[in-house]
Amino acid sequence: MDVKLGVLAGDTRAVARAITWVENGDPRGAEVIRGVYASTGRAYIVGLTGSPGAGKSTLVSRLAALLAARGQKVGILAVDPSSPFSGGAILGDRVRMFEVALTRDVYIRSMGTRGALGGLNRATRMAARILDAAGFDWIFVETVGAGQAEVDVHDVAYTTAVVMAPGMGDDIQAMKAGIMEIGDLFIINKADRDGADRTATQVESVLQLSMTEGWNPPVLKVSAELNTGIDSVVDTIERHRAHLVASGKLDVLKTRMAKLDVLEILKARLADTMKQQLDQPAVQVELEKVASKQSDPYSLADIIFEQSWRNI
Amino acid sequence: MEEKIRVLVAKPGLDGHDRGAKVLARAFMDAGMEVIYTGIRRTPEQIAEVAVQEDVDVVALSCLSGAHNTLFPKVVDLLREKGADDMLIMGGGVIPEDDIPFLKEHGISEVFGPGTPLATCVDYIRSHVKKEA
Amino acid sequence: MYDKESVGRLKAAKAKWQQGADRIPAGKTSKTYSDCRTSSGIDVKLLYTTEDVGEMNYMRDLGFPGEYPYTRGYQATMYRGRLWTMRQYAGFATVEESNRRYKYLLNQGQTGLSIAFDLPTQLGMDADHPLSEGEVGKVGVSVSSLADLEVLFDGIPLDQVSTSMTINAPAAVLMAMYIALARRKGISADKLNGTIQNDILKEYSARGTYIYPPAPSMRIISDIFAYCSKEAPNWNMISISGYHMREAGCTAVQEVAFTLADGIAYVDAAVKAGLDVDSFAARVSFFFDAHSNLLEEVAKFRAARRMWARIMKDRFHAQNPKSLMLRFHTQTAGCTLTSQQPDNNVVRVTLQALAAVLGGTQSLHTNSRDEALSLPSEDSVRIALRTQQIIGYESGVADTVDPLAGSYFVESMTNRIEEEALKYIAKIDELGGAVKAIERGFIQQEIQNSSYQYQLEIESGKKVIVGVNKFQVENKPFKNLMRIDSALYEKRHKELDAMKSRRDTTKVEAALAQVKVVAGSDANLMPAIIDAVDAYATLGEVCDVLRSVFGEHRPDASF
């Protein structure tokens, strides 16, 4: 199987294999990206974040079903936390997305965070590029974002949706920074439950204190379970997209996206190199000195950095 | 390179008993693997499609309703049709020993019956998973 | 039960004794003094004395059998009046073969029927549904229409035999078929004795054979309650089950707590639907597991009885004493059966059955030794039945009511289980009741956690399973296992086609249309469903109509 060609042809197995390669840091992954990057830039990427239990997966499933019915190809990257102890993960989003499991033109990939902080897997952006090159019109990146820290989704998407459930309003009051700032739209899911209106009001009041020019993040009430309000979500995303295009912001975001693509690769390479350095026996000796307070971390870091820089 | 073993724990057919599947999923997670669980009442078509999309290394099929002889080979056939020849496919549940040769002939590499220690399943995967050259 | 002074003196004496006991080394046993717990994590002390039950009041906490709070038994004479019903769950493959098995069991002394349906039937699918392939007749008998039920009960007098049907999501349809069948035999519904399991909440939390979402499912159940309380007053219209949650891995305390919480939810729903609690509560029954820790299980049954009586009185203000009585069926724990050294299972089942009898069960199913691998063979199921008969006729435990009452350990354990279970019920109340707790995954998560915990204890050897992680031998493959032919799918397909060609299609269509209308309204579904099945509408046809109105449940998964 020629994976690169398969990706460009939209072959499921090739796409899946390519994502595995970039996830594992397999050099073949980089080869595929090199070969397909020119074909990226068409897909529209939407990020979804929000607390566990807000119903993100069910919502994404409904969105995908709706778009697929309109003839669109939809890719979903569902990220779940990996155990910091075992490194393993139970990637459970899929269970809630089974109605689209056999829908032609919907592809779902479950990913563990694998130690990355910020709510995403390090390879998420490259996985999105692969889906883009494979001809997907929409890419949804779904992640866990309970609070301030998990904001990385904002870096991989053009539109970021924050999903909440009724009863989480009090948490929002406390949460002015973080996900409240990155949301381009706020979705109150499970709107059939008590407290939905109240939560919506609370969100609106927090948002009023932080307005961005040209775009007021709307607050939508939907029920993914009952399949209501889904089209309003799609409409809102499309409005946001139109706004980004009209205001020229989309181009800015695309350039930023490219910059971050490069930065991520650099960071990964740097981190790998540095880790290798730290494992050197000579460096171990120096580490002992830091541990016994004969030296300090900055001094050792300076030395290692200088030496590595010469080797890169 | 950071490779993880990816396992699909699947429940084909109408059987709703998922205690074993869920315990296994947790054990695999504790052993450092990434586990995708299908939930109950999945068709062989759905299972095969998920396995390919998720590019799993292992498919672990659990069935306690006696329908394994029909369902397990179907999953294997569908995976082969999709070109996923390299996946390790194992089975468990309420499966009489007499059925094991038939299942093995049809592509199930091992069957783990009631009472099998979790560690046995984990070790089997680690030693048999086909990592791409 | 004992005066404070004598308890005080005893306490001092025991402290002295304890010092001596503590000096004795634990020896070669794996259990130390500090390391003994029941399945529910309740500490088991080395010794129990009057000190442990001193606060108890006989009339308040135990009472007499047949009187509030029913701790000692729901009925005054218990097994002296009549032994528990020996009711072996049975059914497989075709209605003809199952009918033969039922007659065999009745001949061998079984006193009630318990019908096992296959998965397609349990899921409201006909035997010719594409998803039924490979599943028809495997875990129970295949029933797709009244025509099948006619053969299933051929030669069995419905007015003399009590029939329990393990059917949940499509319970209304099977109940309707049973009523229609009885009618054709000239037996009115008020003469019918039996039970339908009809407990959808545990399907969501543990068993997995649900169809519709929770809200419409509760409506169907309320409709069945209303219908049966008027037309079939001798029929137990629900068997609120803890068995399956226990089998899914929860503890004894959780089993009681979650079951009673489900019970509260059902009574609540019926009362909210306008029914007077005393009009149906007497016909609410329960279904529990009989697991391996014998004395904990006995305590569990007693605690359940006392708790339910108090709940019905204090929470629902039931006036009729019958509404306060927890009556239950028990099945020995399937999950404890091993495929290694299967004859050991006969011993396990004996001890578990004993626990159920000492706990005062109304009816009992004992598992067969080969059930870890397959449905039971005739020989194995006979041994299982004999187990009950030997306990009932030879052991003497049935000669007096609640023989373990007054045991310091059993009374203390009964109190502890009630205490712990009430905490869970309070937590579930806080979440808004069992339905909400299930929607949030609370009950499922608790079950999952206990299940994983249990498995880890087996893996570490802390929990011994004889023949599996200790005292193993090289296993010989088990011979003579029951096999169901997969060609049954084709056979049933043909049968259904033949049946459909014989029936009056216009009548069926009209009846199904009526079911749809009623489903969309507030009216009771039962009459319309009875008419439909009487016209030979199939199970799948009726359930599909309901699917079109109610939708299907979208499950989640917790770990």
# chains A, B, ... in the order shown; residues from 1 in each chain; ligands from 1

call {"tool": "interface_residues", "arguments": {"of": "chain B", "to": "chain A", "cutoff": "10 Å", "atoms": "only C-alpha atoms", "output": "MDAnalysis selection string"}}
result
chainID B and resid 1:8 22 25:40 42 45:56 82:84

call {"tool": "residues_around", "arguments": {"residues": "Ser299 of chain A", "least_positions_apart": "4", "cutoff": "12 Å", "atoms": "only C-alpha atoms", "output": "count of residues only"}}
result
11

call {"tool": "residues_around", "arguments": {"residues": "segment 136-146 of chain C", "least_positions_apart": "6", "cutoff": "8 Å", "atoms": "only C-alpha atoms", "output": "PyMOL selection string"}}
result
(chain B and resi 65-67) or (chain C and resi 90-95+98+115-121+125-127+177+180-181+375+484+486+488-489+496+533-534+536-540)

call {"tool": "interface_residues", "arguments": {"of": "chain C", "to": "chain A", "cutoff": "8 Å", "atoms": "only C-alpha atoms", "output": "compact mmCIF listing (two decimals) with C-alpha atoms, in the first residue's frame"}}
result
# COMPACT_ATOMS: atom_id res chain seq x y z
CA ARG C 554 -28.50 5.73 22.69
CA PRO C 555 -26.18 4.08 25.15
CA ASP C 556 -23.07 5.43 26.75
CA ALA C 557 -20.22 3.52 28.36

call {"tool": "closest_atom_pairs", "arguments": {"of": "chain B", "to": "chain C", "cutoff": "7 Å", "atoms": "only C-alpha atoms", "output": "tab-separated table"}}
result
residue	atom	partner	partner_atom	distance
B:Leu14	CA	C:Leu119	CA	6.3
B:Gly16	CA	C:Gly208	CA	4.4
B:His17	CA	C:Arg207	CA	6.2
B:Arg19	CA	C:Ala248	CA	5.3
B:Lys22	CA	C:Phe559	CA	6.5
B:Val23	CA	C:Tyr452	CA	5.6
B:Gly39	CA	C:Ala557	CA	6.6
B:Ser65	CA	C:Val139	CA	6.0
B:Gly66	CA	C:Lys138	CA	5.9
B:Ala67	CA	C:Gly134	CA	4.9
B:Thr70	CA	C:Gly134	CA	5.4
B:Val94	CA	C:Leu373	CA	5.3
B:Ile95	CA	C:Leu373	CA	6.1
B:Pro96	CA	C:Leu373	CA	5.5
B:Glu97	CA	C:Pro477	CA	6.4
B:Pro114	CA	C:Ser339	CA	6.5
B:Gly115	CA	C:Val468	CA	6.3
B:Pro117	CA	C:Glu459	CA	6.3

call {"tool": "write_last_selection", "arguments": {"atoms": "N, CA and C atoms", "output": "CSV table (one decimal), in the first residue's frame"}}
result
chain,number,residue,atom,x,y,z
B,14,LEU,N,-25.9,-9.5,19.5
B,14,LEU,CA,-26.9,-8.9,20.4
B,14,LEU,C,-26.6,-9.0,21.9
B,16,GLY,N,-25.5,-8.4,25.5
B,16,GLY,CA,-25.3,-7.2,26.2
B,16,GLY,C,-24.4,-7.3,27.5
B,17,HIS,N,-23.7,-8.5,27.6
B,17,HIS,CA,-22.9,-8.7,28.8
B,17,HIS,C,-21.5,-8.1,28.6
B,19,ARG,N,-19.4,-7.0,31.2
B,19,ARG,CA,-18.5,-6.9,32.4
B,19,ARG,C,-17.1,-7.3,32.0
B,22,LYS,N,-15.3,-4.8,29.6
B,22,LYS,CA,-14.9,-3.5,30.3
B,22,LYS,C,-13.7,-3.8,31.2
B,23,VAL,N,-13.7,-4.9,31.9
B,23,VAL,CA,-12.6,-5.2,32.8
B,23,VAL,C,-11.3,-5.4,32.0
B,39,GLY,N,-18.7,-0.5,22.6
B,39,GLY,CA,-20.0,-0.6,23.1
B,39,GLY,C,-20.7,-1.9,22.7
B,65,SER,N,-23.1,-14.9,23.9
B,65,SER,CA,-24.5,-15.4,23.6
B,65,SER,C,-24.5,-16.6,22.7
B,66,GLY,N,-23.3,-17.2,22.5
B,66,GLY,CA,-23.2,-18.4,21.7
B,66,GLY,C,-23.2,-18.2,20.2
B,67,ALA,N,-23.2,-16.9,19.8
B,67,ALA,CA,-23.2,-16.6,18.3
B,67,ALA,C,-21.8,-16.5,17.7
B,70,THR,N,-20.7,-17.7,14.2
B,70,THR,CA,-21.3,-17.0,13.0
B,70,THR,C,-20.5,-15.6,12.9
B,94,VAL,N,-18.2,-16.9,26.2
B,94,VAL,CA,-18.7,-18.2,26.5
B,94,VAL,C,-18.5,-19.1,25.3
B,95,ILE,N,-17.3,-19.6,25.2
B,95,ILE,CA,-17.0,-20.4,23.9
B,95,ILE,C,-16.5,-21.8,24.3
B,96,PRO,N,-17.3,-22.8,24.0
B,96,PRO,CA,-16.9,-24.2,24.3
B,96,PRO,C,-15.6,-24.5,23.6
B,97,GLU,N,-14.7,-25.3,24.3
B,97,GLU,CA,-13.4,-25.7,23.7
B,97,GLU,C,-13.6,-26.3,22.4
B,114,PRO,N,-13.5,-18.3,30.1
B,114,PRO,CA,-13.8,-17.8,31.4
B,114,PRO,C,-12.7,-18.2,32.4
B,115,GLY,N,-12.3,-17.3,33.2
B,115,GLY,CA,-11.3,-17.6,34.2
B,115,GLY,C,-9.9,-17.2,33.8
B,117,PRO,N,-6.7,-15.3,33.4
B,117,PRO,CA,-6.2,-14.1,34.1
B,117,PRO,C,-5.9,-13.0,33.1

call {"tool": "atom_distance", "arguments": {"atom1": "atom CA of Asp52 of chain C", "atom2": "atom CA of Leu295 of chain C"}}
result
15.9 Å

call {"tool": "closest_residue", "arguments": {"among": "A:Phe136, A:Phe186, A:Trp215, A:Tyr37", "to": "Lys73 of chain A", "atoms": "only C-alpha atoms"}}
result
A:Phe136

call {"tool": "atom_distance", "arguments": {"atom1": "atom CA of Leu63 of chain A", "atom2": "atom CA of Val106 of chain A"}}
result
10.7 Å

call {"tool": "decode", "arguments": {"residues": "segment 284-398 of chain C", "atoms": "C-alpha atoms", "output": "short mmCIF file (atom, residue, chain, number, x, y, z; two decimals), in the first residue's frame"}}
result
data_model
loop_
_atom_site.label_atom_id
_atom_site.label_comp_id
_atom_site.auth_asym_id
_atom_site.auth_seq_id
_atom_site.Cartn_x
_atom_site.Cartn_y
_atom_site.Cartn_z
CA VAL C 284 -44.33 -5.70 42.80
CA SER C 285 -41.73 -8.43 43.21
CA PHE C 286 -37.97 -8.62 43.27
CA PHE C 287 -35.15 -10.75 41.94
CA PHE C 288 -31.83 -11.14 43.72
CA ASP C 289 -28.54 -12.94 43.31
CA ALA C 290 -27.35 -15.63 45.72
CA HIS C 291 -23.61 -15.15 45.76
CA SER C 292 -20.79 -16.99 47.49
CA ASN C 293 -20.40 -15.34 50.87
CA LEU C 294 -23.17 -17.33 52.49
CA LEU C 295 -23.77 -15.36 55.65
CA GLU C 296 -23.46 -11.97 53.96
CA GLU C 297 -26.10 -13.08 51.47
CA VAL C 298 -28.52 -14.19 54.18
CA ALA C 299 -28.05 -10.83 55.90
CA LYS C 300 -28.57 -9.07 52.57
CA PHE C 301 -31.99 -10.65 51.98
CA ARG C 302 -33.13 -9.80 55.49
CA ALA C 303 -31.89 -6.22 55.18
CA ALA C 304 -33.69 -5.84 51.85
CA ARG C 305 -36.98 -6.93 53.33
CA ARG C 306 -36.74 -4.55 56.26
CA MET C 307 -35.60 -1.64 54.08
CA TRP C 308 -38.39 -2.03 51.53
CA ALA C 309 -41.04 -2.23 54.24
CA ARG C 310 -39.75 0.99 55.75
CA ILE C 311 -39.49 2.69 52.35
CA MET C 312 -43.03 1.77 51.36
CA LYS C 313 -44.39 2.92 54.71
CA ASP C 314 -42.38 6.10 55.24
CA ARG C 315 -41.83 7.33 51.71
CA PHE C 316 -44.97 6.17 49.92
CA HIS C 317 -47.41 5.89 52.87
CA ALA C 318 -48.74 2.56 51.70
CA GLN C 319 -51.61 1.36 53.86
CA ASN C 320 -52.14 -2.18 52.68
CA PRO C 321 -49.71 -4.50 54.55
CA LYS C 322 -49.22 -6.41 51.30
CA SER C 323 -47.71 -3.29 49.75
CA LEU C 324 -44.92 -3.37 52.31
CA MET C 325 -43.81 -6.92 51.68
CA LEU C 326 -40.70 -7.58 49.64
CA ARG C 327 -41.24 -10.88 47.87
CA PHE C 328 -38.41 -12.20 45.77
CA HIS C 329 -37.05 -14.80 43.41
CA THR C 330 -33.40 -15.76 43.65
CA GLN C 331 -30.91 -17.18 41.23
CA THR C 332 -27.57 -18.56 42.28
CA ALA C 333 -24.66 -16.49 41.00
CA GLY C 334 -23.84 -17.37 37.40
CA CYS C 335 -20.64 -15.35 37.47
CA THR C 336 -19.16 -17.66 40.10
CA LEU C 337 -19.42 -20.73 37.88
CA THR C 338 -16.06 -21.89 36.57
CA SER C 339 -15.27 -23.75 33.40
CA GLN C 340 -12.36 -25.35 35.24
CA GLN C 341 -13.40 -28.47 37.19
CA PRO C 342 -17.11 -27.92 36.49
CA ASP C 343 -18.31 -30.41 39.11
CA ASN C 344 -17.12 -27.94 41.74
CA ASN C 345 -19.98 -25.75 40.59
CA VAL C 346 -22.49 -28.17 42.08
CA VAL C 347 -20.98 -27.44 45.48
CA ARG C 348 -20.98 -23.69 44.86
CA VAL C 349 -24.61 -23.74 43.80
CA THR C 350 -25.57 -25.77 46.86
CA LEU C 351 -24.10 -23.21 49.24
CA GLN C 352 -25.61 -20.33 47.31
CA ALA C 353 -29.02 -22.01 47.23
CA LEU C 354 -28.75 -22.57 50.96
CA ALA C 355 -28.11 -18.87 51.46
CA ALA C 356 -31.26 -18.06 49.48
CA VAL C 357 -33.35 -20.46 51.54
CA LEU C 358 -31.95 -19.25 54.84
CA GLY C 359 -32.67 -15.75 53.52
CA GLY C 360 -36.32 -16.59 52.92
CA THR C 361 -36.67 -16.54 49.14
CA GLN C 362 -40.08 -17.18 47.60
CA SER C 363 -38.74 -18.93 44.52
CA LEU C 364 -35.34 -20.19 43.46
CA HIS C 365 -33.37 -21.07 40.37
CA THR C 366 -30.21 -23.09 40.79
CA ASN C 367 -27.58 -22.97 38.04
CA SER C 368 -26.25 -26.08 36.39
CA ARG C 369 -22.61 -27.09 36.58
CA ASP C 370 -21.92 -26.67 32.84
CA GLU C 371 -23.30 -23.18 32.50
CA ALA C 372 -19.95 -21.43 32.35
CA LEU C 373 -19.71 -22.84 28.85
CA SER C 374 -23.16 -23.47 27.52
CA LEU C 375 -26.84 -23.93 28.25
CA PRO C 376 -27.43 -26.81 30.64
CA SER C 377 -27.78 -30.40 29.54
CA GLU C 378 -30.71 -32.40 30.86
CA ASP C 379 -28.51 -34.27 33.35
CA SER C 380 -26.96 -31.11 34.71
CA VAL C 381 -30.26 -29.32 35.12
CA ARG C 382 -31.65 -32.31 36.99
CA ILE C 383 -28.81 -32.14 39.50
CA ALA C 384 -29.51 -28.45 39.93
CA LEU C 385 -33.15 -29.18 40.68
CA ARG C 386 -32.24 -32.02 43.06
CA THR C 387 -30.03 -29.57 44.93
CA GLN C 388 -33.11 -27.57 45.87
CA GLN C 389 -35.08 -30.66 46.71
CA ILE C 390 -32.37 -32.02 48.99
CA ILE C 391 -32.14 -28.70 50.81
CA GLY C 392 -35.92 -28.57 51.12
CA TYR C 393 -36.62 -32.15 52.09
CA GLU C 394 -33.47 -33.47 53.73
CA SER C 395 -31.56 -30.69 55.45
CA GLY C 396 -34.11 -29.47 57.96
CA VAL C 397 -33.43 -25.78 57.36
CA ALA C 398 -36.94 -25.30 56.03
#
